[in-house]
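Engineer: My structure file input-v9.csv, CSV, C-alpha atoms, is below:
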```csv
chain,number,residue,atom,x,y,z
C,1455,MET,CA,-1.4,-17.4,-19.0
C,1456,SER,CA,1.9,-18.4,-20.5
C,1457,LYS,CA,5.2,-18.3,-18.6
C,1458,ALA,CA,6.3,-15.4,-20.8
C,1459,ALA,CA,3.1,-13.5,-20.0
C,1460,ASP,CA,3.6,-14.2,-16.3
C,1461,LEU,CA,7.1,-12.8,-16.5
C,1462,ALA,CA,5.9,-9.7,-18.4
C,1463,TYR,CA,3.1,-9.2,-15.9
C,1464,GLU,CA,5.5,-9.3,-12.9
C,1465,ARG,CA,8.1,-7.0,-14.5
C,1466,ILE,CA,5.6,-4.4,-15.7
C,1467,ARG,CA,3.7,-4.5,-12.4
C,1468,GLN,CA,7.0,-4.0,-10.5
C,1469,LYS,CA,7.9,-1.0,-12.7
C,1470,ILE,CA,4.5,0.5,-12.0
C,1471,ILE,CA,4.8,-0.1,-8.2
C,1472,THR,CA,8.3,1.3,-8.0
C,1473,GLY,CA,7.4,4.3,-10.1
C,1474,ALA,CA,9.7,3.4,-13.0
C,1475,TYR,CA,6.5,3.6,-15.1
C,1476,GLY,CA,4.7,6.7,-13.6
C,1477,ALA,CA,1.0,7.5,-13.5
C,1478,GLY,CA,-0.2,8.4,-16.9
C,1479,ALA,CA,2.8,6.9,-18.7
C,1480,HIS,CA,2.1,5.5,-22.2
C,1481,LEU,CA,3.0,1.8,-22.2
C,1482,LYS,CA,4.1,1.2,-25.8
C,1483,GLU,CA,4.1,-2.5,-26.5
C,1484,GLU,CA,7.4,-2.5,-28.3
C,1485,GLN,CA,9.3,-0.6,-25.6
C,1486,VAL,CA,7.6,-2.5,-22.7
C,1487,ALA,CA,8.4,-5.8,-24.4
C,1488,GLU,CA,12.0,-4.8,-24.7
C,1489,ASP,CA,12.1,-3.7,-21.0
C,1490,ALA,CA,10.5,-7.0,-19.9
C,1491,GLY,CA,12.7,-9.1,-22.2
C,1492,VAL,CA,9.8,-10.8,-23.9
C,1493,SER,CA,7.9,-10.5,-27.2
C,1494,ARG,CA,4.9,-8.3,-27.7
C,1495,THR,CA,2.3,-11.1,-27.5
C,1496,PRO,CA,2.8,-11.9,-23.8
C,1497,VAL,CA,3.0,-8.1,-23.1
C,1498,ARG,CA,-0.6,-7.8,-24.5
C,1499,GLU,CA,-1.7,-10.6,-22.1
C,1500,ALA,CA,0.0,-9.0,-19.2
C,1501,LEU,CA,-1.4,-5.5,-19.9
C,1502,ARG,CA,-5.0,-7.0,-20.0
C,1503,ARG,CA,-4.4,-8.6,-16.6
C,1504,LEU,CA,-3.1,-5.3,-15.2
C,1505,ASP,CA,-6.1,-3.5,-16.7
C,1506,ALA,CA,-8.3,-5.9,-14.7
C,1507,GLU,CA,-6.4,-4.9,-11.6
C,1508,HIS,CA,-6.9,-1.2,-12.4
C,1509,LEU,CA,-3.2,-0.5,-12.6
C,1510,VAL,CA,-3.4,0.0,-16.4
C,1511,LYS,CA,-6.0,1.7,-18.5
C,1512,PHE,CA,-6.7,1.2,-22.2
C,1513,VAL,CA,-7.6,4.3,-24.2
C,1514,PRO,CA,-9.4,3.5,-27.5
C,1515,ASN,CA,-7.1,3.9,-30.6
C,1516,ARG,CA,-4.2,5.0,-28.4
C,1517,GLY,CA,-3.1,2.0,-26.3
C,1518,ALA,CA,-2.4,1.3,-22.7
C,1519,TYR,CA,-1.4,3.8,-20.0
C,1520,VAL,CA,-0.5,3.5,-16.4
C,1521,ALA,CA,-3.6,4.4,-14.4
C,1522,SER,CA,-3.9,7.8,-12.7
C,1523,TRP,CA,-6.0,8.5,-9.6
C,1524,SER,CA,-7.9,11.6,-8.6
C,1525,THR,CA,-8.1,12.8,-5.0
C,1526,HIS,CA,-11.6,11.3,-4.9
C,1527,ASP,CA,-10.3,8.0,-6.1
C,1528,ILE,CA,-7.6,8.0,-3.5
C,1529,GLU,CA,-10.1,8.9,-0.8
C,1530,GLU,CA,-12.2,5.9,-1.8
C,1531,ILE,CA,-9.1,3.7,-1.6
C,1532,PHE,CA,-8.3,4.8,1.9
C,1533,VAL,CA,-11.9,4.5,3.0
C,1534,LEU,CA,-12.0,0.9,1.7
C,1535,ARG,CA,-8.7,0.2,3.4
C,1536,ALA,CA,-10.1,1.5,6.6
C,1537,MET,CA,-13.1,-0.8,6.3
C,1538,PHE,CA,-11.1,-3.9,5.4
C,1539,GLU,CA,-8.1,-3.3,7.6
C,1540,GLY,CA,-10.4,-2.2,10.5
C,1541,HIS,CA,-12.1,-5.5,10.2
C,1542,ALA,CA,-8.8,-7.3,10.1
C,1543,ALA,CA,-7.8,-5.6,13.3
C,1544,TYR,CA,-11.1,-6.6,14.8
C,1545,ARG,CA,-10.5,-10.2,13.9
C,1546,ALA,CA,-6.9,-10.1,14.9
C,1547,ALA,CA,-7.7,-8.9,18.5
C,1548,SER,CA,-9.0,-12.3,19.4
C,1549,ARG,CA,-6.5,-14.4,17.4
C,1550,ILE,CA,-3.2,-12.6,17.5
C,1551,THR,CA,-0.4,-14.4,19.4
C,1552,SER,CA,2.0,-13.0,21.9
C,1553,ALA,CA,4.8,-13.6,19.5
C,1554,ALA,CA,3.0,-11.5,16.8
C,1555,ILE,CA,2.4,-8.7,19.3
C,1556,ALA,CA,6.1,-8.7,20.1
C,1557,GLU,CA,6.8,-8.4,16.3
C,1558,LEU,CA,4.4,-5.4,16.2
C,1559,GLU,CA,6.4,-3.8,19.0
C,1560,LEU,CA,9.6,-4.3,17.1
C,1561,CYS,CA,8.1,-2.6,14.1
C,1562,ALA,CA,7.0,0.4,16.2
C,1563,ASP,CA,10.5,0.5,17.8
C,1564,GLU,CA,12.1,0.5,14.4
C,1565,ILE,CA,10.0,3.4,13.3
C,1566,ASP,CA,10.9,5.4,16.4
C,1567,ALA,CA,14.6,4.6,15.9
C,1568,GLN,CA,14.5,5.8,12.3
C,1569,THR,CA,12.6,9.0,13.0
C,1570,PRO,CA,13.0,11.9,12.0
C,1571,GLY,CA,13.5,9.9,8.8
C,1572,GLN,CA,14.9,12.7,6.8
C,1573,SER,CA,17.3,10.5,4.8
C,1574,GLU,CA,16.2,8.2,2.0
C,1575,ARG,CA,17.4,5.2,3.8
C,1576,GLN,CA,15.6,6.2,7.0
C,1577,ARG,CA,12.3,6.7,5.2
C,1578,LEU,CA,12.6,3.4,3.4
C,1579,ASN,CA,13.3,1.7,6.7
C,1580,ILE,CA,10.2,3.4,8.2
C,1581,LEU,CA,8.1,2.4,5.2
C,1582,ALA,CA,9.3,-1.2,5.4
C,1583,ALA,CA,8.5,-1.3,9.2
C,1584,ASN,CA,5.1,0.2,8.6
C,1585,GLN,CA,4.3,-2.3,5.8
C,1586,ARG,CA,5.4,-5.1,8.1
C,1587,PHE,CA,3.2,-3.9,10.9
C,1588,HIS,CA,0.1,-3.9,8.7
C,1589,GLY,CA,1.1,-7.3,7.3
C,1590,ILE,CA,1.3,-8.8,10.7
C,1591,VAL,CA,-2.2,-7.5,11.6
C,1592,LEU,CA,-3.6,-8.9,8.4
C,1593,ASP,CA,-1.9,-12.3,9.0
C,1594,ALA,CA,-3.3,-12.4,12.5
C,1595,ALA,CA,-6.8,-11.9,11.2
C,1596,HIS,CA,-6.6,-15.4,9.5
C,1597,SER,CA,-8.9,-14.4,6.6
C,1598,GLU,CA,-8.0,-15.4,3.1
C,1599,ARG,CA,-10.8,-13.1,1.8
C,1600,LEU,CA,-9.4,-10.1,3.5
C,1601,THR,CA,-5.9,-10.8,2.3
C,1602,LYS,CA,-7.2,-11.0,-1.3
C,1603,ALA,CA,-9.4,-7.9,-1.0
C,1604,LEU,CA,-6.5,-5.8,0.4
C,1605,ALA,CA,-3.8,-7.1,-2.0
C,1606,TRP,CA,-4.4,-4.3,-4.5
C,1607,LEU,CA,-5.6,-1.6,-2.1
C,1608,VAL,CA,-2.5,-1.5,0.0
C,1609,GLU,CA,-0.2,-1.1,-3.0
C,1610,ILE,CA,-1.8,2.1,-4.3
C,1611,PRO,CA,-0.4,4.4,-1.6
C,1612,ILE,CA,3.0,2.9,-2.3
C,1613,ILE,CA,2.7,3.6,-6.0
C,1614,LEU,CA,1.6,7.2,-5.2
C,1615,ARG,CA,4.4,7.7,-2.8
C,1616,THR,CA,1.9,8.9,-0.1
C,1617,PHE,CA,4.5,8.2,2.6
C,1618,GLU,CA,6.9,10.8,1.1
C,1619,ARG,CA,4.4,13.5,2.1
C,1620,TYR,CA,4.7,12.6,5.8
C,1621,SER,CA,6.5,15.1,8.1
C,1622,GLU,CA,8.4,14.0,11.2
C,1623,LYS,CA,5.3,15.0,13.2
C,1624,ASP,CA,3.1,12.9,11.0
C,1625,ILE,CA,5.3,9.9,11.4
C,1626,VAL,CA,5.3,10.2,15.2
C,1627,ARG,CA,1.5,10.5,15.3
C,1628,SER,CA,1.2,7.5,13.0
C,1629,ASN,CA,3.4,5.4,15.2
C,1630,GLN,CA,1.4,6.5,18.2
C,1631,HIS,CA,-1.6,4.8,16.5
C,1632,HIS,CA,0.5,1.7,16.1
C,1633,ARG,CA,1.3,1.7,19.8
C,1634,GLU,CA,-2.4,2.2,20.7
C,1635,MET,CA,-3.3,-0.7,18.4
C,1636,ILE,CA,-0.8,-2.9,20.3
C,1637,ASP,CA,-2.4,-1.9,23.5
C,1638,ALA,CA,-5.8,-2.9,22.1
C,1639,PHE,CA,-4.4,-6.3,21.0
C,1640,ARG,CA,-3.0,-6.9,24.4
C,1641,ALA,CA,-6.4,-6.1,25.9
C,1642,ARG,CA,-8.1,-8.4,23.4
C,1643,ASP,CA,-10.4,-5.5,22.7
C,1644,ALA,CA,-11.6,-6.0,19.1
C,1645,ARG,CA,-13.7,-2.8,18.8
C,1646,TRP,CA,-10.8,-0.6,20.2
C,1647,ALA,CA,-8.4,-2.2,17.7
C,1648,GLN,CA,-10.8,-1.6,14.8
C,1649,ASN,CA,-11.4,2.0,15.8
C,1650,VAL,CA,-7.7,2.8,16.0
C,1651,MET,CA,-7.1,1.3,12.6
C,1652,ASP,CA,-9.9,3.3,11.1
C,1653,THR,CA,-8.5,6.5,12.6
C,1654,HIS,CA,-5.0,5.6,11.5
C,1655,LEU,CA,-5.9,5.2,7.9
C,1656,ARG,CA,-8.3,8.2,7.7
C,1657,ALA,CA,-5.6,10.3,9.2
C,1658,ALA,CA,-3.2,9.0,6.6
C,1659,PHE,CA,-5.5,10.2,3.8
C,1660,ARG,CA,-6.0,13.7,5.4
C,1661,ARG,CA,-2.2,14.1,5.6
C,1662,TYR,CA,-2.0,13.2,1.9
C,1663,VAL,CA,-4.5,15.8,1.0
C,1664,VAL,CA,-3.0,18.5,3.3
C,1665,HIS,CA,0.5,18.1,2.1
C,1666,GLY,CA,-0.6,17.9,-1.5
C,1667,THR,CA,-2.4,21.2,-1.1
C,1668,GLU,CA,0.6,22.7,0.6
C,1669,ASN,CA,2.9,21.6,-2.2
C,1670,GLN,CA,0.6,23.4,-4.7
C,1671,ASN,CA,0.8,26.7,-2.9
```
Starting from the coordinates I provided, produce the structure as structure tokens.
Structural biologist:
Amino acid sequence: MSKAADLAYERIRQKIITGAYGAGAHLKEEQVAEDAGVSRTPVREALRRLDAEHLVKFVPNRGAYVASWSTHDIEEIFVLRAMFEGHAAYRAASRITSAAIAELELCADEIDAQTPGQSERQRLNILAANQRFHGIVLDAAHSERLTKALAWLVEIPIILRTFERYSEKDIVRSNQHHREMIDAFRARDARWAQNVMDTHLRAAFRRYVVHGTENQN
């Protein structure tokens, strides 16, 4: 892929992840090229790559659109995350360093400090600490395969703004899972760490569904 196509790919992808291009948005080549600061040819290459990542969908005779996900799609994403991140937690339990555990504690402390997280800045700080927590666990697993497998899955909840549906109570419960995972890592108990991660992510999906239903009523 050319440098221009790489640039277009990064800029379009970033706009999808940040929500600048929302789910279902029509990605007109001319407008996207102008936004990315490149010509239409590299945009076509970039869109094909994003299609392969399931972030963009091509509709015959109509062009490219930002991918949309049904509740069933999102459930599958969380189930897959639970499987992969659960295995990452399992591997991390026997490999994680004391320094990494200390970093996990700092993440959990930051989340507690920012709760109730009602302001935009607080919620962004909580989201950043949560992402950092999961990133540390994945790094501690020392598995390139897991890192590659999770690269796309972990971004979908960010794109969908699932965290914005969390209440203060949800955030507190989620961080309790983080604290229990830290205890499991300290104990070097791989199965415990795996089970907590699985519960953590399945609970995240249930909160997404519950709050989505509440917002429709």
Engineer: Do you have the atom CA of C:Ala1521-atom CA of C:Ile1610 distance handy?
Structural biologist: 10.5 Å
Engineer: Could you tell me which of C:Gln1485, C:Ser1621, C:Ser1597, C:Gln1576 comes closest to C:Ala1543 if we count all atoms listed in the file?
Structural biologist: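 Closest to C:Ala1543 of all the choices is C:Ser1597.
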Engineer: What lies within 10 Å of stretch 1640-1648 of chain C using only C-alpha atoms, ignoring chain neighbours under 4 positions off, as a list in words?
Structural biologist: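 Near neighbours after the sequence-gap exclusion: Ala1536, Met1537, Phe1538, Glu1539, Gly1540, His1541, Ala1542, Ala1543, Tyr1544, Arg1545, Ala1546, Ala1547, Ser1548, Arg1549, Ile1550, Thr1551, Ser1552, Ile1555, His1631, His1632, Glu1634, Met1635, Ile1636, Asp1652, Thr1653 and His1654 of chain C.
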Engineer: Limited to C-alpha atoms, could you put the picked residues into a file as a PDB file, in the coordinates of the input?
Structural biologist:
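Contents of selection.pdb, as written:
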```pdb
ATOM      1  CA  ALA C1536     -10.100   1.500   6.600  1.00  0.00           C
ATOM      2  CA  MET C1537     -13.100  -0.800   6.300  1.00  0.00           C
ATOM      3  CA  PHE C1538     -11.100  -3.900   5.400  1.00  0.00           C
ATOM      4  CA  GLU C1539      -8.100  -3.300   7.600  1.00  0.00           C
ATOM      5  CA  GLY C1540     -10.400  -2.200  10.500  1.00  0.00           C
ATOM      6  CA  HIS C1541     -12.100  -5.500  10.200  1.00  0.00           C
ATOM      7  CA  ALA C1542      -8.800  -7.300  10.100  1.00  0.00           C
ATOM      8  CA  ALA C1543      -7.800  -5.600  13.300  1.00  0.00           C
ATOM      9  CA  TYR C1544     -11.100  -6.600  14.800  1.00  0.00           C
ATOM     10  CA  ARG C1545     -10.500 -10.200  13.900  1.00  0.00           C
ATOM     11  CA  ALA C1546      -6.900 -10.100  14.900  1.00  0.00           C
ATOM     12  CA  ALA C1547      -7.700  -8.900  18.500  1.00  0.00           C
ATOM     13  CA  SER C1548      -9.000 -12.300  19.400  1.00  0.00           C
ATOM     14  CA  ARG C1549      -6.500 -14.400  17.400  1.00  0.00           C
ATOM     15  CA  ILE C1550      -3.200 -12.600  17.500  1.00  0.00           C
ATOM     16  CA  THR C1551      -0.400 -14.400  19.400  1.00  0.00           C
ATOM     17  CA  SER C1552       2.000 -13.000  21.900  1.00  0.00           C
ATOM     18  CA  ILE C1555       2.400  -8.700  19.300  1.00  0.00           C
ATOM     19  CA  HIS C1631      -1.600   4.800  16.500  1.00  0.00           C
ATOM     20  CA  HIS C1632       0.500   1.700  16.100  1.00  0.00           C
ATOM     21  CA  GLU C1634      -2.400   2.200  20.700  1.00  0.00           C
ATOM     22  CA  MET C1635      -3.300  -0.700  18.400  1.00  0.00           C
ATOM     23  CA  ILE C1636      -0.800  -2.900  20.300  1.00  0.00           C
ATOM     24  CA  ASP C1652      -9.900   3.300  11.100  1.00  0.00           C
ATOM     25  CA  THR C1653      -8.500   6.500  12.600  1.00  0.00           C
ATOM     26  CA  HIS C1654      -5.000   5.600  11.500  1.00  0.00           C
TER      27      HIS C1654
END
```
Engineer: Choose the residue, out of C:Ala1554, C:Ala1479, C:Cys1561, C:Ala1595, that has the smallest atom-to-atom separation from C:Lys1511; count all atoms listed in the file.
Structural biologist: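 The answer is C:Ala1479, which sits nearest to C:Lys1511.
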Engineer: For a test of reading the model, state the distance in Å between atom CA of C:Ala1605 and atom CA of C:Lys1623, rounded to one decimal.
Structural biologist: 28.3 Å
Engineer: With distances taken over only C-alpha atoms, which residue among C:Arg1656, C:Arg1661, C:Arg1494, C:His1508 lies nearest C:Asp1624?
Structural biologist: C:Arg1661
Engineer: Could you name the residues that touch C:Asn1584 at 9 Å or less, counting only C-alpha atoms, but leaving out those on the same chain fewer than 5 positions away, as a list in words?
Structural biologist: Cys1561, Ala1562, Ile1565, Asn1579, Gly1589, Asn1629 and His1632 of chain C
Engineer: Residues near C:Leu1607, anyone? I mean within 12 Å using only C-alpha atoms, not counting same-chain ones fewer than 6 positions away, as a ChimeraX atom specification.
Structural biologist: /C:1507-1509,1527-1539,1600-1601,1613-1614
Engineer: Which of these residues is nearest to C:Arg1502, using only C-alpha atoms: C:Thr1525, C:Arg1467, C:Tyr1662, C:Asp1593?
Structural biologist: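 Checking each of C:Thr1525, C:Arg1467, C:Tyr1662, C:Asp1593 against C:Arg1502, counting only C-alpha atoms, the winner is C:Arg1467.
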Engineer: Can you sort out stretch 1576-1592 of chain C so it carries N, CA and C atoms, written as a PDB file, in the coordinates of the input?
Structural biologist:
```
ATOM      1  N   GLN C1576      16.465   6.166   5.862  1.00  0.00           N
ATOM      2  CA  GLN C1576      15.600   6.200   7.000  1.00  0.00           C
ATOM      3  C   GLN C1576      14.125   6.039   6.615  1.00  0.00           C
ATOM      4  N   ARG C1577      13.732   6.787   5.600  1.00  0.00           N
ATOM      5  CA  ARG C1577      12.300   6.700   5.200  1.00  0.00           C
ATOM      6  C   ARG C1577      11.968   5.376   4.588  1.00  0.00           C
ATOM      7  N   LEU C1578      12.891   4.751   3.888  1.00  0.00           N
ATOM      8  CA  LEU C1578      12.600   3.400   3.400  1.00  0.00           C
ATOM      9  C   LEU C1578      12.517   2.406   4.508  1.00  0.00           C
ATOM     10  N   ASN C1579      13.336   2.564   5.545  1.00  0.00           N
ATOM     11  CA  ASN C1579      13.300   1.700   6.700  1.00  0.00           C
ATOM     12  C   ASN C1579      11.930   1.863   7.444  1.00  0.00           C
ATOM     13  N   ILE C1580      11.483   3.115   7.543  1.00  0.00           N
ATOM     14  CA  ILE C1580      10.200   3.400   8.200  1.00  0.00           C
ATOM     15  C   ILE C1580       9.066   2.787   7.371  1.00  0.00           C
ATOM     16  N   LEU C1581       9.136   2.962   6.050  1.00  0.00           N
ATOM     17  CA  LEU C1581       8.100   2.400   5.200  1.00  0.00           C
ATOM     18  C   LEU C1581       8.045   0.882   5.303  1.00  0.00           C
ATOM     19  N   ALA C1582       9.218   0.243   5.328  1.00  0.00           N
ATOM     20  CA  ALA C1582       9.300  -1.200   5.400  1.00  0.00           C
ATOM     21  C   ALA C1582       8.686  -1.683   6.775  1.00  0.00           C
ATOM     22  N   ALA C1583       9.013  -0.978   7.862  1.00  0.00           N
ATOM     23  CA  ALA C1583       8.500  -1.300   9.200  1.00  0.00           C
ATOM     24  C   ALA C1583       6.979  -1.139   9.236  1.00  0.00           C
ATOM     25  N   ASN C1584       6.510  -0.074   8.603  1.00  0.00           N
ATOM     26  CA  ASN C1584       5.100   0.200   8.600  1.00  0.00           C
ATOM     27  C   ASN C1584       4.335  -0.883   7.788  1.00  0.00           C
ATOM     28  N   GLN C1585       4.885  -1.264   6.640  1.00  0.00           N
ATOM     29  CA  GLN C1585       4.300  -2.300   5.800  1.00  0.00           C
ATOM     30  C   GLN C1585       4.251  -3.640   6.612  1.00  0.00           C
ATOM     31  N   ARG C1586       5.352  -3.915   7.304  1.00  0.00           N
ATOM     32  CA  ARG C1586       5.400  -5.100   8.100  1.00  0.00           C
ATOM     33  C   ARG C1586       4.380  -5.131   9.204  1.00  0.00           C
ATOM     34  N   PHE C1587       4.190  -3.997   9.854  1.00  0.00           N
ATOM     35  CA  PHE C1587       3.200  -3.900  10.900  1.00  0.00           C
ATOM     36  C   PHE C1587       1.814  -4.265  10.399  1.00  0.00           C
ATOM     37  N   HIS C1588       1.424  -3.645   9.288  1.00  0.00           N
ATOM     38  CA  HIS C1588       0.100  -3.900   8.700  1.00  0.00           C
ATOM     39  C   HIS C1588      -0.018  -5.350   8.232  1.00  0.00           C
ATOM     40  N   GLY C1589       1.085  -5.893   7.718  1.00  0.00           N
ATOM     41  CA  GLY C1589       1.100  -7.300   7.300  1.00  0.00           C
ATOM     42  C   GLY C1589       0.872  -8.260   8.423  1.00  0.00           C
ATOM     43  N   ILE C1590       1.465  -7.973   9.565  1.00  0.00           N
ATOM     44  CA  ILE C1590       1.300  -8.800  10.700  1.00  0.00           C
ATOM     45  C   ILE C1590      -0.140  -8.834  11.208  1.00  0.00           C
ATOM     46  N   VAL C1591      -0.748  -7.651  11.227  1.00  0.00           N
ATOM     47  CA  VAL C1591      -2.200  -7.500  11.600  1.00  0.00           C
ATOM     48  C   VAL C1591      -3.032  -8.355  10.696  1.00  0.00           C
ATOM     49  N   LEU C1592      -2.782  -8.217   9.397  1.00  0.00           N
ATOM     50  CA  LEU C1592      -3.600  -8.900   8.400  1.00  0.00           C
ATOM     51  C   LEU C1592      -3.381 -10.454   8.563  1.00  0.00           C
TER      52      LEU C1592
END
```
